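Peer 1: The following block contains the structure, expressed as C-alpha cells.
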Amino acid sequence: MPITHAFVSQKQDGQDESVVRPSNWNADHVIEGIVGEKGDTGDPGPKGDTGVKGDKGDKGDKGDTGDQGIQGEPGGVGDKGPTGDKGPTGDAGANGSPGDKGATGDKGPTGDKGATGDPGAGLDIHNFRHCGVTTYEAWFTSPRSGTALSGSALTAARMYAMPFICPKAITLDQIGVYVSTLSTTTARLGIYADNGNCYPGGLLLDAGTIDVTATGAKKIAINQALSANTLYWLVIVCAATPAIYCIPVAGVINVLGTSNALGTAQNAGLYVSQTYGALPGTFPGSPTMIVAAPIPAIFVRLSA
C-alpha cells in the first residue's frame, strides 16, 4: 500500500543524487510488511438529532391574468312547454232538410223477340270438315273440285303457298303431301298467317321436313290451332325436285281471282324463290302467281 507525506516540497532537486532530494520526499513510499486482516465493521452510530426547520420563504408575486378562454358552444334548446288545454267544441250547425225523392219512371215495354235465323245460313261445305279418326279419317287441302289429283314435279328452292280457308275454329294434328316420284334429300312444310290482304304474312308454323327419297304419303305430326273466318297459307319448299300429287288446273276453285290480262288462266296460289332451309319469319315479297301445273296439294288433318 503506497504512502505519501502530507507536506509536498516545492523545491527543485539538486545535482547530488547521493542525498535525499525533494522529489524523493514527494514520491510514494512503499512499506513492505504483512497487512493485517480487515477488522469487523463497527455498529452504526446513533441517529443524529433532526435539524431545526428553516423559516418559510416569502410569498411570490401574483402572476399575470391569463387570456380569456374560447367561448363555449351555445346550450341546447330547452324542452317544449306543455300544450295548453283544448278549447271547447263549437255547436254543430243544423242539418239541412232532405230533398224530395224523385218519382220512378215507368218501365218501358219489352221489345218483340227477333226472328230466328234460317238453319245453316252463311255456312258452306268447309264448315262441316270431319275431325279426328273416329269412324273414318279425312284430310283437307286448298279449295278444289272433284277432278282427280295427278303427280307433278316441283322446282327446287321455290316456296309454294296455297290458300286454306278456315270458316270455323279448328285444331290441326297432321300436315303432309303424297310423293308420287321420289327424289333426293327432303322437303319442308309449314303454315303462314294471312297479312289481311290475301297474301302470306307472318310464319305460323315451321312443321319440319319430310323424306322424299321414297314414294307414298309423307306426314308430320303437329298441334296448331286456327281461328274461325280466317285465311291461312299452306307452304312447301324442296331441296330437290320430287313429284307430288297436285291439283289439276281444271280442278281449281278460284279464290285469288285472275290476272290483269283477264285471260283464261286463274290464280290458284303463288310462289317465291327461297333458299332451302328453315322457313323465314315473314313470307317474302315479289311473288309469281301459280296459273299452271304444278299446283301443290298440301293436306292437313283436323283433331278438333
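Chain labels follow the order of the C-alpha cells: the first chain is A, the next B, and so on; residue numbering restarts at 1 in every chain, and ligands are counted from 1 in their shown order.
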Which residues are close to His5 in chain A, i.e. within 9 Å by only C-alpha atoms, leaving aside same-chain residues fewer than 6 positions away? Reply as a list in words.
Peer 2: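 In the requested form, the answer reads Trp25, Asn26, Ala27, Asp28 and His29 of chain A.
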Peer 1: For N, CA and C atoms, I'd like the residues from the last selection saved as an mmCIF file, in the first residue's frame.
Peer 2:
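Below is the file that was written, part.cif:
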```
data_model
loop_
_atom_site.group_PDB
_atom_site.id
_atom_site.type_symbol
_atom_site.label_atom_id
_atom_site.label_comp_id
_atom_site.auth_asym_id
_atom_site.auth_seq_id
_atom_site.Cartn_x
_atom_site.Cartn_y
_atom_site.Cartn_z
ATOM 1 N N TRP A 25 11.261 13.004 -1.493
ATOM 2 C CA TRP A 25 10.302 13.278 -0.402
ATOM 3 C C TRP A 25 8.860 13.209 -0.903
ATOM 4 N N ASN A 26 8.618 13.732 -2.092
ATOM 5 C CA ASN A 26 7.227 13.812 -2.611
ATOM 6 C C ASN A 26 6.743 12.486 -3.186
ATOM 7 N N ALA A 27 7.645 11.551 -3.548
ATOM 8 C CA ALA A 27 7.225 10.303 -4.200
ATOM 9 C C ALA A 27 6.511 9.392 -3.223
ATOM 10 N N ASP A 28 5.751 8.428 -3.775
ATOM 11 C CA ASP A 28 5.052 7.439 -2.956
ATOM 12 C C ASP A 28 6.091 6.542 -2.297
ATOM 13 N N HIS A 29 5.841 6.224 -1.007
ATOM 14 C CA HIS A 29 6.738 5.336 -0.283
ATOM 15 C C HIS A 29 6.072 3.985 -0.178
#
```
Peer 1: Counting only C-alpha atoms, what is within 7 Å of Thr141 in chain A, bar same-chain residues fewer than 6 positions away, as a VMD selection string?
Peer 2: chain A and resid 164 297 to 300
Peer 1: Skipping near chain neighbours, those fewer than 2 positions away, what residues fall within 7 Å of Asp13 in chain A using only C-alpha atoms, listed as a PyMOL selection string?
Peer 2: chain A and resi 11+15+21-23
Peer 1: Take the residues that were just selected and, keeping N, CA and C atoms, output them as a PDB file, in the first residue's frame.
Peer 2:
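selection_36.pdb was written with the following content:
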```pdb
ATOM      1  N   LYS A  11      10.504  22.575  -3.820  1.00  0.00           N
ATOM      2  CA  LYS A  11      11.861  22.862  -4.294  1.00  0.00           C
ATOM      3  C   LYS A  11      12.256  21.909  -5.399  1.00  0.00           C
ATOM      4  N   GLN A  15      21.867  18.613  -7.822  1.00  0.00           N
ATOM      5  CA  GLN A  15      22.614  17.760  -8.724  1.00  0.00           C
ATOM      6  C   GLN A  15      23.112  16.511  -8.024  1.00  0.00           C
ATOM      7  N   ARG A  21      16.518  14.084  -2.063  1.00  0.00           N
ATOM      8  CA  ARG A  21      16.112  15.294  -2.781  1.00  0.00           C
ATOM      9  C   ARG A  21      14.600  15.496  -2.621  1.00  0.00           C
ATOM     10  N   PRO A  22      14.035  16.692  -2.974  1.00  0.00           N
ATOM     11  CA  PRO A  22      12.590  16.951  -2.818  1.00  0.00           C
ATOM     12  C   PRO A  22      11.701  15.947  -3.554  1.00  0.00           C
ATOM     13  N   SER A  23      12.132  15.488  -4.729  1.00  0.00           N
ATOM     14  CA  SER A  23      11.288  14.542  -5.478  1.00  0.00           C
ATOM     15  C   SER A  23      11.186  13.217  -4.766  1.00  0.00           C
TER      16      SER A  23
END
```
Peer 1: Can you tell me which residues surround Leu189 in chain A at a distance of at most 8 Å, considering only C-alpha atoms, apart from same-chain residues fewer than 5 positions away, and format the answer as a list in words?
Peer 2: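 The neighbour list is Ile175, Gly176, Asp206, Ala207, Gly208, Thr209, Ile210, Leu234, Val235, Ile236 and Val237 of chain A.
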Peer 1: Within 9 Å of range 148-153 of chain A, counting only C-alpha atoms, which residues show up once you throw out same-chain ones fewer than 5 positions away? Write them as a VMD selection string, please.
Peer 2: chain A and resid 178 to 181 241 to 248 251 293 to 297
Peer 1: Would you please work out which residue, of A:Tyr199, A:Cys166, A:Ser9, A:Lys86, is nearest to Phe128 in chain A when using only C-alpha atoms?
Peer 2: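 Using only C-alpha atoms, Phe128 in chain A sits closest to A:Cys166.
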Peer 1: Which residue is closest to Gly216 in chain A? Choose from A:Leu231, A:Asn260, A:Gln12, A:Leu182 and count only C-alpha atoms.
Peer 2: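 Checking each of A:Leu231, A:Asn260, A:Gln12, A:Leu182 against Gly216 in chain A, counting only C-alpha atoms, the winner is A:Leu182.
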Peer 1: Quick one: everything within 10 Å of Ile165 in chain A, counting only C-alpha atoms, minus sequence neighbours fewer than 6 positions away in the same chain. Send it as a ChimeraX atom specification.
Peer 2: /A:126,141-143,228-233,255
Peer 1: Please, could you write that set of residues out with C-alpha atoms as an mmCIF file, in the first residue's frame?
Peer 2:
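Output (result.cif):
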```cif
data_model
loop_
_atom_site.group_PDB
_atom_site.id
_atom_site.type_symbol
_atom_site.label_atom_id
_atom_site.label_comp_id
_atom_site.auth_asym_id
_atom_site.auth_seq_id
_atom_site.Cartn_x
_atom_site.Cartn_y
_atom_site.Cartn_z
ATOM 1 C CA HIS A 126 -115.944 -26.205 -95.244
ATOM 2 C CA THR A 141 -106.404 -29.106 -98.789
ATOM 3 C CA SER A 142 -106.970 -25.914 -100.804
ATOM 4 C CA PRO A 143 -110.376 -25.475 -102.473
ATOM 5 C CA ALA A 228 -112.598 -19.025 -87.483
ATOM 6 C CA ASN A 229 -113.304 -16.962 -90.606
ATOM 7 C CA THR A 230 -109.607 -16.660 -91.422
ATOM 8 C CA LEU A 231 -107.446 -17.289 -94.467
ATOM 9 C CA TYR A 232 -104.201 -19.261 -93.996
ATOM 10 C CA TRP A 233 -101.473 -20.437 -96.398
ATOM 11 C CA VAL A 255 -110.334 -17.790 -104.574
#
```
Peer 1: Name the residues of range 50-289 of chain A that come out as strand (DSSP E or B) in a backbone DSSP run; write them as a PyMOL selection string.
Peer 2: chain A and resi 139-140+144+150-153+158-166+170-181+186-194+200-211+216-226+230-238+243-246+252+269-273+282+288-289
Peer 1: Write out the residues from the selection above, keeping C-alpha atoms, as a PDB file, in the first residue's frame.
Peer 2:
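In the end it all went to again.pdb:
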```
ATOM      1  CA  TRP A 139    -107.693 -34.824 -94.822  1.00  0.00           C
ATOM      2  CA  PHE A 140    -108.283 -31.416 -96.409  1.00  0.00           C
ATOM      3  CA  ARG A 144    -110.744 -27.805-105.470  1.00  0.00           C
ATOM      4  CA  SER A 150    -102.055 -36.095-110.547  1.00  0.00           C
ATOM      5  CA  GLY A 151     -98.304 -36.111-109.918  1.00  0.00           C
ATOM      6  CA  SER A 152     -96.182 -33.096-110.928  1.00  0.00           C
ATOM      7  CA  ALA A 153     -92.524 -32.302-110.200  1.00  0.00           C
ATOM      8  CA  ARG A 158     -89.016 -22.460-104.633  1.00  0.00           C
ATOM      9  CA  MET A 159     -91.583 -21.944-101.854  1.00  0.00           C
ATOM     10  CA  TYR A 160     -95.147 -22.697-102.987  1.00  0.00           C
ATOM     11  CA  ALA A 161     -98.046 -21.188-100.971  1.00  0.00           C
ATOM     12  CA  MET A 162    -101.629 -22.445-101.318  1.00  0.00           C
ATOM     13  CA  PRO A 163    -104.699 -20.760 -99.752  1.00  0.00           C
ATOM     14  CA  PHE A 164    -106.538 -22.608 -96.995  1.00  0.00           C
ATOM     15  CA  ILE A 165    -109.892 -21.155 -95.856  1.00  0.00           C
ATOM     16  CA  CYS A 166    -110.867 -21.747 -92.215  1.00  0.00           C
ATOM     17  CA  ILE A 170    -110.205 -25.876 -85.582  1.00  0.00           C
ATOM     18  CA  THR A 171    -107.029 -27.620 -84.435  1.00  0.00           C
ATOM     19  CA  LEU A 172    -104.688 -29.421 -86.838  1.00  0.00           C
ATOM     20  CA  ASP A 173    -102.745 -32.513 -85.780  1.00  0.00           C
ATOM     21  CA  GLN A 174    -101.135 -33.591 -89.103  1.00  0.00           C
ATOM     22  CA  ILE A 175     -99.754 -31.985 -92.280  1.00  0.00           C
ATOM     23  CA  GLY A 176     -98.429 -33.821 -95.324  1.00  0.00           C
ATOM     24  CA  VAL A 177     -98.192 -34.476 -99.076  1.00  0.00           C
ATOM     25  CA  TYR A 178     -98.132 -37.551-101.310  1.00  0.00           C
ATOM     26  CA  VAL A 179     -94.798 -38.190-103.088  1.00  0.00           C
ATOM     27  CA  SER A 180     -95.560 -39.766-106.467  1.00  0.00           C
ATOM     28  CA  THR A 181     -91.972 -39.750-107.801  1.00  0.00           C
ATOM     29  CA  THR A 186     -86.031 -33.697 -98.060  1.00  0.00           C
ATOM     30  CA  ALA A 187     -88.835 -31.148 -98.376  1.00  0.00           C
ATOM     31  CA  ARG A 188     -90.144 -28.738 -95.695  1.00  0.00           C
ATOM     32  CA  LEU A 189     -93.790 -27.948 -94.833  1.00  0.00           C
ATOM     33  CA  GLY A 190     -95.355 -25.065 -92.904  1.00  0.00           C
ATOM     34  CA  ILE A 191     -98.248 -22.657 -92.405  1.00  0.00           C
ATOM     35  CA  TYR A 192     -98.339 -18.844 -92.734  1.00  0.00           C
ATOM     36  CA  ALA A 193    -100.984 -16.449 -91.465  1.00  0.00           C
ATOM     37  CA  ASP A 194    -102.566 -14.054 -93.936  1.00  0.00           C
ATOM     38  CA  PRO A 200     -98.993 -14.708 -96.724  1.00  0.00           C
ATOM     39  CA  GLY A 201     -97.632 -12.708 -93.779  1.00  0.00           C
ATOM     40  CA  GLY A 202     -96.015 -13.979 -90.580  1.00  0.00           C
ATOM     41  CA  LEU A 203     -94.870 -17.564 -90.108  1.00  0.00           C
ATOM     42  CA  LEU A 204     -97.368 -19.517 -88.000  1.00  0.00           C
ATOM     43  CA  LEU A 205     -95.722 -22.970 -88.102  1.00  0.00           C
ATOM     44  CA  ASP A 206     -92.497 -24.445 -89.470  1.00  0.00           C
ATOM     45  CA  ALA A 207     -93.621 -28.084 -89.312  1.00  0.00           C
ATOM     46  CA  GLY A 208     -90.214 -29.534 -90.220  1.00  0.00           C
ATOM     47  CA  THR A 209     -89.111 -31.861 -93.022  1.00  0.00           C
ATOM     48  CA  ILE A 210     -90.361 -34.962 -94.785  1.00  0.00           C
ATOM     49  CA  ASP A 211     -88.288 -37.647 -96.525  1.00  0.00           C
ATOM     50  CA  GLY A 216     -96.120 -42.550-100.611  1.00  0.00           C
ATOM     51  CA  ALA A 217     -97.914 -40.333 -98.080  1.00  0.00           C
ATOM     52  CA  LYS A 218     -95.430 -38.233 -96.082  1.00  0.00           C
ATOM     53  CA  LYS A 219     -96.873 -36.787 -92.861  1.00  0.00           C
ATOM     54  CA  ILE A 220     -95.709 -34.658 -89.915  1.00  0.00           C
ATOM     55  CA  ALA A 221     -97.482 -34.619 -86.530  1.00  0.00           C
ATOM     56  CA  ILE A 222     -98.335 -31.051 -85.410  1.00  0.00           C
ATOM     57  CA  ASN A 223    -100.590 -29.275 -82.921  1.00  0.00           C
ATOM     58  CA  GLN A 224    -101.751 -25.999 -84.457  1.00  0.00           C
ATOM     59  CA  ALA A 225    -104.937 -24.045 -83.651  1.00  0.00           C
ATOM     60  CA  LEU A 226    -106.569 -21.996 -86.432  1.00  0.00           C
ATOM     61  CA  THR A 230    -109.607 -16.660 -91.422  1.00  0.00           C
ATOM     62  CA  LEU A 231    -107.446 -17.289 -94.467  1.00  0.00           C
ATOM     63  CA  TYR A 232    -104.201 -19.261 -93.996  1.00  0.00           C
ATOM     64  CA  TRP A 233    -101.473 -20.437 -96.398  1.00  0.00           C
ATOM     65  CA  LEU A 234    -100.056 -23.986 -96.610  1.00  0.00           C
ATOM     66  CA  VAL A 235     -96.478 -23.995 -97.950  1.00  0.00           C
ATOM     67  CA  ILE A 236     -93.860 -26.428 -99.262  1.00  0.00           C
ATOM     68  CA  VAL A 237     -90.226 -25.885-100.319  1.00  0.00           C
ATOM     69  CA  CYS A 238     -87.949 -28.642-101.670  1.00  0.00           C
ATOM     70  CA  ALA A 243     -93.084 -35.083-107.850  1.00  0.00           C
ATOM     71  CA  ILE A 244     -96.106 -34.848-105.525  1.00  0.00           C
ATOM     72  CA  TYR A 245     -99.834 -35.066-106.058  1.00  0.00           C
ATOM     73  CA  CYS A 246    -101.072 -31.728-107.391  1.00  0.00           C
ATOM     74  CA  VAL A 252    -109.025 -25.382-109.091  1.00  0.00           C
ATOM     75  CA  GLY A 269    -101.702 -19.967-105.489  1.00  0.00           C
ATOM     76  CA  LEU A 270     -98.288 -18.257-105.589  1.00  0.00           C
ATOM     77  CA  TYR A 271     -94.584 -18.967-105.198  1.00  0.00           C
ATOM     78  CA  VAL A 272     -91.309 -17.157-104.445  1.00  0.00           C
ATOM     79  CA  SER A 273     -87.640 -18.085-104.703  1.00  0.00           C
ATOM     80  CA  THR A 282     -92.155 -13.289 -92.823  1.00  0.00           C
ATOM     81  CA  THR A 288     -95.302 -15.247-109.053  1.00  0.00           C
ATOM     82  CA  MET A 289     -98.923 -16.403-109.323  1.00  0.00           C
TER      83      MET A 289
END
```
Peer 1: If DSSP is run on the backbone, what residues of range 39-233 of chain A are helix (DSSP H, G or I)? A reply as a PyMOL selection string would be ideal.
Peer 2: chain A and resi 125-128
Peer 1: What is the distance between CA of Gln274 in chain A and CA of Ala157 in chain A, in Å to one decimal?
Peer 2: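 Value for the CA of Gln274 in chain A-CA of Ala157 in chain A distance: 5.1 Å.
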